Amino acid sequence: SPGDAAQRCRKQAELLERTPLLAPRLRALRDASLTLGIISKSSERTVLGAISEAGLRELFDGPVLGSAVGLEGKAGFIEELIRHGPLRHLGSDGLRRVLLIDDDVRELERARQRGIQTYAAPKEGGLQEEDFDEIFSCLGLVQWIARVSSGPMQTPPPMPHLGTMLLANASPSGGGTSWPPSPWASPAAAPSSSCALLAAAAPTAP
């Protein structure tokens, strides 16, 4: 519909504004042998259109799954990808080798209950530079922070809610870990440097 088309265009424009922040950091994660993917409640067409227009499509070598709405939440889709999908290579302990980044406490809690590692994203504005620094540090990639630094801190435009970002190829770490600690999660050890990362966003229109 015209309304859906207008919303897709707006999201593409927002993502384009954030590309200078996102591109080098996503590239660094890929260079560190992590796999990036997306799981979203938006349609696959919307997600692929936005990341393609922003020149980020090549950085996502993992699953790009749209219309991910189910009773078990994002955690259910992650488990399915590990059991029968393109993340089968993570093996029997694959859930512990995934890190879910989401701003939805319910999604994060479901993930933690299944042993998936979690990172609580800001409720507004999406991941900021300091969030990436924290993620890199917890993944043991401190040496990459200076490489991708954009200079003095600037607040980027709000992150369009496209869905989930994924890093894979991980060595196991403690089940259900959550970092940094949040009011609803117990402090736990940070994930290993090769942990899988799955980042999710709030639902959007198709």
# chains A, B, ... in the order shown; residues from 1 in each chain; ligands from 1
>>> select_by_dssp(residues="stretch 44-152 of chain A", states="helix (DSSP H, G or I)", output="JSON, numbers by chain")
{"A": [44, 45, 46, 47, 48, 49, 50, 51, 52, 53, 57, 58, 59, 73, 74, 75, 76, 77, 78, 79, 80, 81, 82, 83, 84, 88, 89, 90, 94, 95, 96, 97, 105, 106, 107, 108, 109, 110, 111, 112, 113, 129, 130, 131, 132, 133, 134, 135, 136, 137, 138, 142, 143, 144, 145, 146, 147, 148]}
>>> closest_residue(among="A:Ile39, A:Thr46, A:Ala111, A:Gly55", to="A:Leu81", atoms="only C-alpha atoms")
A:Ile39
>>> atom_distance(atom1="atom CA of A:Ile145", atom2="atom CA of A:Pro122")
19.7 Å
>>> closest_residue(among="A:Ala68, A:Ala5, A:Ile51, A:Leu99", to="A:Cys138", atoms="only C-alpha atoms")
A:Leu99
>>> atom_distance(atom1="atom CA of A:Gly125", atom2="atom CA of A:Gln113")
26.5 Å
>>> closest_residue(among="A:Ile135, A:Ala50, A:Arg45, A:Ile38", to="A:Arg10", atoms="only C-alpha atoms")
A:Ala50
>>> closest_residue(among="A:Ile82, A:Ile116, A:Cys9, A:Leu29", to="A:Val98", atoms="only C-alpha atoms")
A:Ile116
